[in-house]
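Trainee: This is work34.cif (mmCIF, C-alpha atoms).
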```
data_model
#
loop_
_atom_site.group_PDB
_atom_site.id
_atom_site.type_symbol
_atom_site.label_atom_id
_atom_site.label_comp_id
_atom_site.auth_asym_id
_atom_site.auth_seq_id
_atom_site.Cartn_x
_atom_site.Cartn_y
_atom_site.Cartn_z
ATOM 1 C CA MET A 17 -36.308 -18.331 0.239
ATOM 2 C CA ALA A 18 -33.936 -21.045 1.357
ATOM 3 C CA GLN A 19 -30.931 -20.263 3.511
ATOM 4 C CA ALA A 20 -27.574 -21.974 3.242
ATOM 5 C CA LYS A 21 -26.542 -23.787 6.380
ATOM 6 C CA PRO A 22 -23.518 -22.356 8.166
ATOM 7 C CA GLN A 23 -20.451 -24.525 8.055
ATOM 8 C CA ALA A 24 -18.529 -25.447 11.175
ATOM 9 C CA SER A 25 -16.199 -22.648 12.223
ATOM 10 C CA ALA A 26 -13.223 -22.374 14.523
ATOM 11 C CA ASP A 27 -13.263 -21.022 18.070
ATOM 12 C CA THR A 28 -14.070 -17.313 17.965
ATOM 13 C CA SER A 29 -13.547 -16.499 21.639
ATOM 14 C CA TRP A 30 -10.611 -14.223 20.858
ATOM 15 C CA LEU A 31 -12.740 -12.003 18.616
ATOM 16 C CA PRO A 32 -14.034 -8.744 20.118
ATOM 17 C CA PRO A 33 -17.776 -8.043 19.888
ATOM 18 C CA SER A 34 -17.056 -5.041 17.672
ATOM 19 C CA TYR A 35 -14.333 -3.262 15.729
ATOM 20 C CA ASP A 36 -14.237 0.498 15.416
ATOM 21 C CA HIS A 37 -12.119 2.504 12.972
ATOM 22 C CA VAL A 38 -12.382 -0.145 10.258
ATOM 23 C CA ILE A 39 -10.877 0.901 6.918
ATOM 24 C CA MET A 40 -12.538 -0.450 3.786
ATOM 25 C CA ILE A 41 -10.255 -1.454 0.898
ATOM 26 C CA GLU A 42 -12.191 -1.512 -2.374
ATOM 27 C CA ASP A 43 -11.123 -2.010 -5.974
ATOM 28 C CA LYS A 44 -11.285 1.762 -6.499
ATOM 29 C CA HIS A 45 -8.370 2.106 -4.066
ATOM 30 C CA VAL A 46 -6.154 -0.456 -5.804
ATOM 31 C CA ALA A 47 -3.896 -0.721 -8.847
ATOM 32 C CA GLU A 48 -1.966 -3.850 -9.898
ATOM 33 C CA ALA A 49 1.027 -4.467 -12.162
ATOM 34 C CA ALA A 50 3.093 -7.662 -12.442
ATOM 35 C CA GLY A 51 1.784 -8.922 -9.112
ATOM 36 C CA ASN A 52 2.556 -5.663 -7.309
ATOM 37 C CA TYR A 53 -0.254 -3.695 -5.696
ATOM 38 C CA LEU A 54 -0.689 -0.033 -4.877
ATOM 39 C CA VAL A 55 -3.230 0.450 -2.101
ATOM 40 C CA ASP A 56 -3.900 4.152 -2.482
ATOM 41 C CA ILE A 57 -5.281 5.040 0.939
ATOM 42 C CA PRO A 58 -3.240 7.712 2.758
ATOM 43 C CA LEU A 59 -2.960 6.576 6.357
ATOM 44 C CA GLU A 60 -1.082 7.634 9.475
ATOM 45 C CA GLU A 61 0.908 4.611 10.635
ATOM 46 C CA HIS A 62 1.269 4.288 14.401
ATOM 47 C CA PRO A 63 3.387 1.248 15.322
ATOM 48 C CA ASP A 64 1.649 0.832 18.691
ATOM 49 C CA SER A 65 -1.892 0.656 17.256
ATOM 50 C CA ASN A 66 -3.879 -2.318 15.950
ATOM 51 C CA TYR A 67 -5.410 -1.433 12.575
ATOM 52 C CA VAL A 68 -8.455 -3.137 11.093
ATOM 53 C CA PHE A 69 -9.103 -3.469 7.348
ATOM 54 C CA LEU A 70 -12.032 -4.991 5.477
ATOM 55 C CA LEU A 71 -10.711 -6.349 2.188
ATOM 56 C CA ASN A 72 -13.391 -5.931 -0.457
ATOM 57 C CA ALA A 73 -10.900 -5.696 -3.337
ATOM 58 C CA HIS A 74 -9.380 -8.304 -5.623
ATOM 59 C CA ILE A 75 -6.077 -8.779 -3.795
ATOM 60 C CA PRO A 76 -4.922 -12.323 -2.931
ATOM 61 C CA VAL A 77 -4.895 -12.814 0.821
ATOM 62 C CA GLU A 78 -1.578 -14.643 0.484
ATOM 63 C CA MET A 79 0.029 -11.311 -0.430
ATOM 64 C CA PHE A 80 -0.594 -10.053 3.093
ATOM 65 C CA LYS A 81 1.131 -13.119 4.516
ATOM 66 C CA ALA A 82 4.083 -13.129 2.110
ATOM 67 C CA THR A 83 5.285 -9.544 2.514
ATOM 68 C CA ASN A 84 5.371 -6.902 5.235
ATOM 69 C CA THR A 85 5.243 -4.031 2.715
ATOM 70 C CA PHE A 86 1.541 -3.346 3.362
ATOM 71 C CA TYR A 87 1.809 -0.178 5.479
ATOM 72 C CA PRO A 88 5.199 -1.399 6.722
ATOM 73 C CA SER A 89 5.324 0.698 9.906
ATOM 74 C CA ILE A 90 2.200 -0.989 11.265
ATOM 75 C CA LYS A 91 3.118 -3.777 13.666
ATOM 76 C CA GLU A 92 -0.326 -5.292 14.237
ATOM 77 C CA LEU A 93 -3.409 -5.449 12.046
ATOM 78 C CA THR A 94 -6.631 -7.389 11.580
ATOM 79 C CA LEU A 95 -7.711 -8.212 8.041
ATOM 80 C CA ILE A 96 -11.373 -9.118 7.515
ATOM 81 C CA VAL A 97 -12.077 -10.980 4.270
ATOM 82 C CA PRO A 98 -15.457 -12.218 3.020
ATOM 83 C CA ASP A 99 -15.402 -15.967 2.377
ATOM 84 C CA TRP A 100 -15.787 -15.639 -1.389
ATOM 85 C CA GLU A 101 -15.200 -19.356 -1.940
ATOM 86 C CA TYR A 102 -18.165 -20.204 0.267
ATOM 87 C CA TYR A 103 -20.389 -17.582 -1.408
ATOM 88 C CA HIS A 104 -19.396 -18.906 -4.834
ATOM 89 C CA LYS A 105 -20.320 -22.468 -3.865
ATOM 90 C CA VAL A 106 -23.701 -21.335 -2.550
ATOM 91 C CA ALA A 107 -24.396 -19.426 -5.770
ATOM 92 C CA GLU A 108 -23.399 -22.407 -7.899
ATOM 93 C CA ALA A 109 -25.644 -24.755 -5.903
ATOM 94 C CA ALA A 110 -28.560 -22.336 -6.153
ATOM 95 C CA THR A 111 -28.167 -22.051 -9.921
ATOM 96 C CA ARG A 112 -27.821 -25.790 -10.342
ATOM 97 C CA ASN A 113 -30.989 -26.465 -8.350
ATOM 98 C CA ASN A 114 -32.934 -23.499 -9.710
ATOM 99 C CA MET A 115 -33.325 -22.095 -6.205
ATOM 100 C CA CYS A 116 -32.969 -18.749 -4.491
ATOM 101 C CA VAL A 117 -30.569 -19.254 -1.589
ATOM 102 C CA GLU A 118 -29.444 -16.650 0.911
ATOM 103 C CA PRO A 119 -25.942 -17.485 2.155
ATOM 104 C CA VAL A 120 -25.021 -17.097 5.792
ATOM 105 C CA THR A 121 -22.809 -14.080 6.365
ATOM 106 C CA THR A 122 -19.309 -15.533 6.551
ATOM 107 C CA ASN A 123 -15.991 -13.753 6.999
ATOM 108 C CA ILE A 124 -12.437 -14.852 7.705
ATOM 109 C CA TYR A 125 -10.535 -12.810 10.265
ATOM 110 C CA TYR A 126 -6.730 -12.675 10.018
ATOM 111 C CA HIS A 127 -4.735 -11.319 12.945
ATOM 112 C CA ILE A 128 -1.276 -10.321 11.685
ATOM 113 C CA ARG A 129 1.612 -9.356 13.951
ATOM 114 C CA ARG A 130 5.021 -8.225 12.747
ATOM 115 C CA ASN A 131 8.141 -8.174 14.844
ATOM 116 C CA GLU A 132 11.698 -7.553 13.630
ATOM 117 C CA GLY A 133 11.246 -9.159 10.233
ATOM 118 C CA THR A 134 9.057 -12.031 11.395
ATOM 119 C CA MET A 135 5.321 -12.339 10.886
ATOM 120 C CA THR A 136 2.700 -14.263 12.854
ATOM 121 C CA VAL A 137 -0.711 -14.873 11.291
ATOM 122 C CA ASP A 138 -3.710 -16.319 13.145
ATOM 123 C CA SER A 139 -7.058 -16.766 11.435
ATOM 124 C CA VAL A 140 -10.604 -17.757 12.247
ATOM 125 C CA ARG A 141 -13.670 -18.241 10.073
ATOM 126 C CA VAL A 142 -16.911 -16.843 11.426
ATOM 127 C CA ALA A 143 -20.229 -17.997 9.949
ATOM 128 C CA GLY A 144 -23.383 -16.319 11.150
ATOM 129 C CA GLU A 145 -23.408 -13.437 13.612
ATOM 130 C CA GLN A 146 -20.387 -11.191 13.082
ATOM 131 C CA PRO A 147 -18.626 -8.586 15.212
ATOM 132 C CA LYS A 148 -20.091 -5.140 14.582
ATOM 133 C CA LEU A 149 -17.972 -2.943 12.330
ATOM 134 C CA GLU A 150 -17.708 0.842 12.428
ATOM 135 C CA PHE A 151 -16.057 2.232 9.305
ATOM 136 C CA VAL A 152 -13.939 5.348 9.047
ATOM 137 C CA THR A 153 -12.191 7.305 6.318
ATOM 138 C CA PRO A 154 -8.596 8.011 7.387
ATOM 139 C CA ARG A 155 -7.879 11.710 7.887
ATOM 140 C CA ILE A 156 -4.882 13.469 6.383
ATOM 141 C CA PRO A 157 -3.477 16.006 8.859
ATOM 142 C CA GLU A 158 -2.958 19.576 7.718
ATOM 143 C CA ASP A 159 0.464 20.540 6.360
ATOM 144 C CA THR A 160 1.199 16.952 5.379
ATOM 145 C CA LEU A 161 2.386 15.594 2.038
ATOM 146 C CA VAL A 162 0.925 12.387 0.612
ATOM 147 C CA VAL A 163 4.076 10.786 -0.797
ATOM 148 C CA TYR A 164 4.242 7.839 -3.200
ATOM 149 C CA ARG A 165 8.012 7.611 -3.608
ATOM 150 C CA THR A 166 10.942 8.926 -1.591
ATOM 151 C CA GLU A 167 14.478 9.219 -2.941
ATOM 152 C CA SER A 168 17.499 10.257 -0.899
ATOM 153 C CA LEU A 169 20.899 11.267 -2.234
ATOM 154 C CA GLY A 170 24.055 11.267 -0.169
ATOM 155 C CA SER A 171 27.040 13.551 -0.367
ATOM 156 C CA ALA A 172 28.073 15.117 -3.674
ATOM 157 C CA CYS A 173 31.676 14.453 -2.603
ATOM 158 C CA CYS A 174 33.885 12.768 -0.041
ATOM 159 C CA PRO A 175 32.894 10.179 -1.307
ATOM 160 C CA GLN A 176 30.273 10.975 -3.918
ATOM 161 C CA ASP A 177 26.966 9.128 -3.947
ATOM 162 C CA PRO A 178 26.915 7.216 -7.301
ATOM 163 C CA GLN A 179 23.441 8.605 -8.033
ATOM 164 C CA TRP A 180 24.943 12.058 -8.608
ATOM 165 C CA LYS A 181 26.584 10.797 -11.822
ATOM 166 C CA ARG A 182 23.227 9.622 -13.162
ATOM 167 C CA GLY A 183 21.277 12.832 -12.745
ATOM 168 C CA ALA A 184 20.718 13.406 -16.467
ATOM 169 C CA GLU A 185 19.635 9.785 -16.946
ATOM 170 C CA ASN A 186 17.177 10.000 -14.062
ATOM 171 C CA ALA A 187 15.716 13.245 -15.422
ATOM 172 C CA ALA A 188 15.358 11.714 -18.898
ATOM 173 C CA MET A 189 13.422 8.793 -17.432
ATOM 174 C CA ILE A 190 10.855 11.177 -15.959
ATOM 175 C CA LYS A 191 10.524 13.087 -19.245
ATOM 176 C CA ASN A 192 9.990 9.830 -21.131
ATOM 177 C CA PHE A 193 7.354 8.709 -18.637
ATOM 178 C CA GLU A 194 5.527 12.026 -18.985
ATOM 179 C CA ARG A 195 5.546 11.773 -22.764
ATOM 180 C CA GLN A 196 4.469 8.126 -22.828
ATOM 181 C CA HIS A 197 1.590 8.541 -20.362
ATOM 182 C CA LYS A 198 0.649 12.115 -21.318
ATOM 183 C CA VAL A 199 1.020 13.327 -17.731
ATOM 184 C CA ALA A 200 3.189 15.766 -15.828
ATOM 185 C CA ILE A 201 5.223 14.762 -12.783
ATOM 186 C CA THR A 202 4.702 17.833 -10.612
ATOM 187 C CA ASP A 203 4.745 18.860 -6.968
ATOM 188 C CA THR A 204 7.921 16.992 -6.126
ATOM 189 C CA TYR A 205 9.395 18.427 -2.934
ATOM 190 C CA ARG A 206 13.076 18.570 -2.002
ATOM 191 C CA GLN A 207 14.461 18.713 1.527
ATOM 192 C CA ASN A 208 18.108 19.311 2.446
ATOM 193 C CA SER A 209 19.624 16.871 4.888
ATOM 194 C CA GLY A 210 23.328 17.804 4.840
ATOM 195 C CA LYS A 211 25.827 20.466 3.842
ATOM 196 C CA GLU A 212 27.431 18.444 1.023
ATOM 197 C CA GLY A 213 24.358 18.311 -1.203
ATOM 198 C CA GLU A 214 22.552 15.551 0.703
ATOM 199 C CA HIS A 215 18.828 15.795 0.143
ATOM 200 C CA THR A 216 15.575 13.867 -0.143
ATOM 201 C CA ASP A 217 12.955 14.169 -2.885
ATOM 202 C CA TYR A 218 9.290 13.421 -2.176
ATOM 203 C CA TYR A 219 7.073 12.504 -5.143
ATOM 204 C CA THR A 220 3.409 13.364 -4.531
ATOM 205 C CA LEU A 221 2.248 12.547 -8.092
ATOM 206 C CA PRO A 222 -0.937 14.635 -8.299
ATOM 207 C CA GLY A 223 -2.966 14.329 -11.482
ATOM 208 C CA LEU A 224 -1.957 10.705 -12.083
ATOM 209 C CA THR A 225 -4.371 7.797 -11.932
ATOM 210 C CA ARG A 226 -3.675 5.054 -9.430
ATOM 211 C CA GLN A 227 -2.426 2.828 -12.230
ATOM 212 C CA GLN A 228 -0.082 5.555 -13.478
ATOM 213 C CA ARG A 229 1.213 6.101 -9.959
ATOM 214 C CA LEU A 230 2.057 2.423 -9.627
ATOM 215 C CA ASP A 231 3.633 2.357 -13.092
ATOM 216 C CA PHE A 232 5.800 5.344 -12.151
ATOM 217 C CA ILE A 233 6.850 3.785 -8.849
ATOM 218 C CA LEU A 234 7.904 0.555 -10.551
ATOM 219 C CA ALA A 235 9.708 2.326 -13.408
ATOM 220 C CA ARG A 236 11.500 4.645 -10.995
ATOM 221 C CA ARG A 237 12.489 1.754 -8.732
ATOM 222 C CA TRP A 238 14.245 0.095 -11.664
ATOM 223 C CA GLN A 239 15.765 3.351 -12.882
ATOM 224 C CA TRP A 240 17.212 4.136 -9.472
ATOM 225 C CA ILE A 241 19.402 1.005 -9.312
ATOM 226 C CA VAL A 242 23.069 1.802 -9.872
ATOM 227 C CA ASN A 243 24.974 -0.507 -12.282
ATOM 228 C CA LYS A 244 21.883 -2.642 -12.779
ATOM 229 C CA GLU A 245 23.330 -4.070 -16.001
ATOM 230 C CA THR A 246 25.917 -5.933 -13.901
ATOM 231 C CA LYS A 247 23.390 -7.398 -11.471
ATOM 232 C CA ASN A 248 20.864 -10.226 -11.516
ATOM 233 C CA ILE A 249 17.909 -8.451 -9.978
ATOM 234 C CA VAL A 250 14.663 -10.191 -9.135
ATOM 235 C CA PHE A 251 11.868 -8.208 -7.482
ATOM 236 C CA LYS A 252 9.360 -10.076 -5.377
ATOM 237 C CA PRO A 253 5.776 -8.837 -5.661
ATOM 238 C CA GLN A 254 5.051 -6.283 -2.986
ATOM 239 C CA PHE A 255 2.636 -3.663 -1.764
ATOM 240 C CA PHE A 256 3.134 0.039 -2.212
ATOM 241 C CA THR A 257 1.266 2.437 0.059
ATOM 242 C CA PRO A 258 1.470 6.220 0.332
ATOM 243 C CA THR A 259 3.260 7.740 3.292
ATOM 244 C CA LEU A 260 2.386 10.944 5.119
ATOM 245 C CA VAL A 261 5.266 13.382 5.529
ATOM 246 C CA PRO A 262 4.914 16.541 7.654
ATOM 247 C CA VAL A 263 5.776 19.708 5.730
ATOM 248 C CA VAL A 264 8.821 21.603 7.001
ATOM 249 C CA LYS A 265 8.454 25.268 6.102
ATOM 250 C CA GLU A 266 11.404 26.970 7.784
ATOM 251 C CA GLY A 267 15.100 26.518 8.383
ATOM 252 C CA PHE A 268 17.772 24.513 6.606
ATOM 253 C CA ARG A 269 15.430 21.538 6.114
ATOM 254 C CA ALA A 270 12.565 23.597 4.681
ATOM 255 C CA MET A 271 10.882 21.841 1.755
ATOM 256 C CA ARG A 272 10.670 23.413 -1.673
ATOM 257 C CA LYS A 273 9.311 22.285 -5.014
ATOM 258 C CA ALA A 274 11.946 20.743 -7.287
ATOM 259 C CA THR A 275 12.088 19.991 -11.002
ATOM 260 C CA ALA A 276 13.196 16.775 -12.694
ATOM 261 C CA ASP A 277 16.294 18.345 -14.237
ATOM 262 C CA GLU A 278 17.799 19.711 -10.999
#
```
I need this file expressed as structure tokens, please.
Mentor:
Amino acid sequence: MAQAKPQASADTSWLPPSYDHVIMIEDKHVAEAAGNYLVDIPLEEHPDSNYVFLLNAHIPVEMFKATNTFYPSIKELTLIVPDWEYYHKVAEAATRNNMCVEPVTTNIYYHIRRNEGTMTVDSVRVAGEQPKLEFVTPRIPEDTLVVYRTESLGSACCPQDPQWKRGAENAAMIKNFERQHKVAITDTYRQNSGKEGEHTDYYTLPGLTRQQRLDFILARRWQWIVNKETKNIVFKPQFFTPTLVPVVKEGFRAMRKATADE
């Protein structure tokens, strides 16, 4: 069996010898619509931690550089991506020459840092021996909601939040989505935040596929815009990721299940 020769790679001195707590992103975790991606991995986001992801899903790497919506509370992350272009070239050459060629293990490491709206991306290609990876499955703490969309309404008066006037329209949108997709939007939790009707709704979307969750998020995002017919709205492709919200069980801010027509 022949082995492909490693290509020249950049200085790797900044790489650690190993990464622990690596999170694998596979196609089974991902849904896509109109260039938007839902990465459906519930994850606690600690701004002071450096997260490590191995991207084994069909998501363009440029997406991670173009938007900070991938787990937006994370300030620093390392993205490990197999060099698919190199592997493809090796496979093509092997087929063309009727050979069996084993490619050299080759990954590209992206170090991404976010700071007050800016993003710094460093990268290095490593061919041959790689840092050791220890994979983990993120844990969801007890008494925590996995939330895919959060909506907050302001005061019902003095002045009134414009969304209050569109309650029936918003409820109809959910009913139409349920009918179209043959699903039920359940386990939506409401939390009071003020004495003039202010509250927040948390959509947990159980029973929906990942694709249906993304479709709902995108439809609801459009529905939620006030006076959208008077605006020229262009959405840039972005990531959507679930957030973890601690359950409040007592007091004025205790969470309760809500219905679409409330």
Trainee: Given the file above and the PyMOL selection byres ((chain A and resi 232) around 10), which residues are selected, and can you give them as a short mmCIF file (atom, residue, chain, number, x, y, z; two decimals) with C-alpha atoms, in the coordinates of the input?
Mentor:
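Okay, part_36.cif is ready:
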```
data_model
loop_
_atom_site.label_atom_id
_atom_site.label_comp_id
_atom_site.auth_asym_id
_atom_site.auth_seq_id
_atom_site.Cartn_x
_atom_site.Cartn_y
_atom_site.Cartn_z
CA TYR A 164 4.24 7.84 -3.20
CA ARG A 165 8.01 7.61 -3.61
CA MET A 189 13.42 8.79 -17.43
CA ILE A 190 10.86 11.18 -15.96
CA PHE A 193 7.35 8.71 -18.64
CA GLU A 194 5.53 12.03 -18.98
CA HIS A 197 1.59 8.54 -20.36
CA ILE A 201 5.22 14.76 -12.78
CA LEU A 221 2.25 12.55 -8.09
CA LEU A 224 -1.96 10.70 -12.08
CA ARG A 226 -3.68 5.05 -9.43
CA GLN A 227 -2.43 2.83 -12.23
CA GLN A 228 -0.08 5.56 -13.48
CA ARG A 229 1.21 6.10 -9.96
CA LEU A 230 2.06 2.42 -9.63
CA ASP A 231 3.63 2.36 -13.09
CA ILE A 233 6.85 3.78 -8.85
CA LEU A 234 7.90 0.56 -10.55
CA ALA A 235 9.71 2.33 -13.41
CA ARG A 236 11.50 4.64 -11.00
CA ARG A 237 12.49 1.75 -8.73
CA TRP A 238 14.24 0.10 -11.66
#
```
Trainee: For each of A:Phe69, A:Ile75, A:Arg272, A:Thr160, take the minimum atom-to-atom distance to Ala49 of chain A, counting only C-alpha atoms, then give the residue where this is smallest.
Mentor: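 Using only C-alpha atoms, Ala49 of chain A sits closest to A:Ile75.
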Trainee: Hey, what comes out of the PyMOL selection byres ((chain A and resi 43) around 12) on this file? Could you write it as a list in words?
Mentor: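 Answer for the PyMOL selection byres ((chain A and resi 43) around 12): Met40, Ile41, Glu42, Lys44, His45, Val46, Ala47, Glu48, Tyr53, Leu54, Val55, Asp56, Ile57, Leu70, Leu71, Asn72, Ala73, His74, Ile75, Arg226 and Gln227 of chain A.
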Trainee: Once the PyMOL selection byres ((chain A and resi 205) around 12) is applied to the coordinates I shared, what remains selected? I want it as a ChimeraX atom specification.
Mentor: /A:160-168,201-204,206-208,215-221,261-265,269-276,278
Trainee: Would you please work out which residue, of A:Ser139, A:Gln239, A:Thr259, A:Gln179, is nearest to Ile96 of chain A when using all atoms listed in the file?
Mentor: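 Once distances to Ile96 of chain A are computed over all atoms listed in the file, the minimum belongs to A:Ser139.
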Trainee: Please list as an mmCIF file with C-alpha atoms, keeping the file's coordinate frame every residue within 7 Å of segment 59-62 of chain A, counting only C-alpha atoms and excluding residues in the same chain fewer than 4 positions away.
Mentor:
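Output (out39.cif):
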```
data_model
loop_
_atom_site.group_PDB
_atom_site.id
_atom_site.type_symbol
_atom_site.label_atom_id
_atom_site.label_comp_id
_atom_site.auth_asym_id
_atom_site.auth_seq_id
_atom_site.Cartn_x
_atom_site.Cartn_y
_atom_site.Cartn_z
ATOM 1 C CA SER A 89 5.324 0.698 9.906
ATOM 2 C CA ILE A 90 2.200 -0.989 11.265
ATOM 3 C CA PRO A 154 -8.596 8.011 7.387
ATOM 4 C CA LEU A 260 2.386 10.944 5.119
#
```
Trainee: So how many Å separate atom CA of Cys174 of chain A and atom CA of Lys247 of chain A, to one decimal?
Mentor: 25.4 Å
Trainee: Is there a way to get, as a ChimeraX atom specification, all residues within 12 Å of the point (-4.7, -1.4, 20.1) in file coordinates, counting only C-alpha atoms?
Mentor: /A:32,35-37,62-68,90-94,129
Trainee: Using only C-alpha atoms, find the one residue out of A:Pro222, A:Pro98, A:Pro88, A:Pro175 that sits nearest to Thr122 of chain A.
Mentor: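 Looking only at the distances to Thr122 of chain A, the closest residue turns out to be A:Pro98.
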Trainee: Please determine, counting only C-alpha atoms, which residue among A:Gly223, A:Pro119, A:Phe268, A:Thr85 has the shortest atom-to-atom distance to Lys198 of chain A.
Mentor: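 Smallest distance to Lys198 of chain A is found for A:Gly223.
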Trainee: To one decimal in Å, tell me the separation between atom CA of Tyr126 of chain A and atom CA of Pro147 of chain A.
Mentor: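 Spanning atom CA of Tyr126 of chain A to atom CA of Pro147 of chain A is a straight-line distance of 13.6 Å.
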Trainee: Find the distance between atom CA of Phe251 of chain A and atom CA of Tyr87 of chain A and write it in Å to one decimal.
Mentor: 18.3 Å
Trainee: What lies within 9 Å of Tyr103 of chain A using all atoms listed in the file, ignoring chain neighbours under 2 positions off, as a ChimeraX atom specification?
Mentor: /A:98-101,105-108,119-122
Trainee: Using all atoms listed in the file, pick whichever of A:Leu31, A:Pro178, A:Val77, A:Ile156 has the shortest atom-to-atom distance to Pro58 of chain A.
Mentor: A:Ile156
Trainee: What box, with edges along x, y and z, holds each listed atom of segment 167-174 of chain A when 4 Å is added on every side, and can you state its centre and edge lengths in Å to one decimal, as lines of an AutoDock Vina configuration file?
Mentor:
```
center_x = 24.2
center_y = 12.2
center_z = -1.9
size_x = 27.4
size_y = 13.9
size_z = 11.6
```
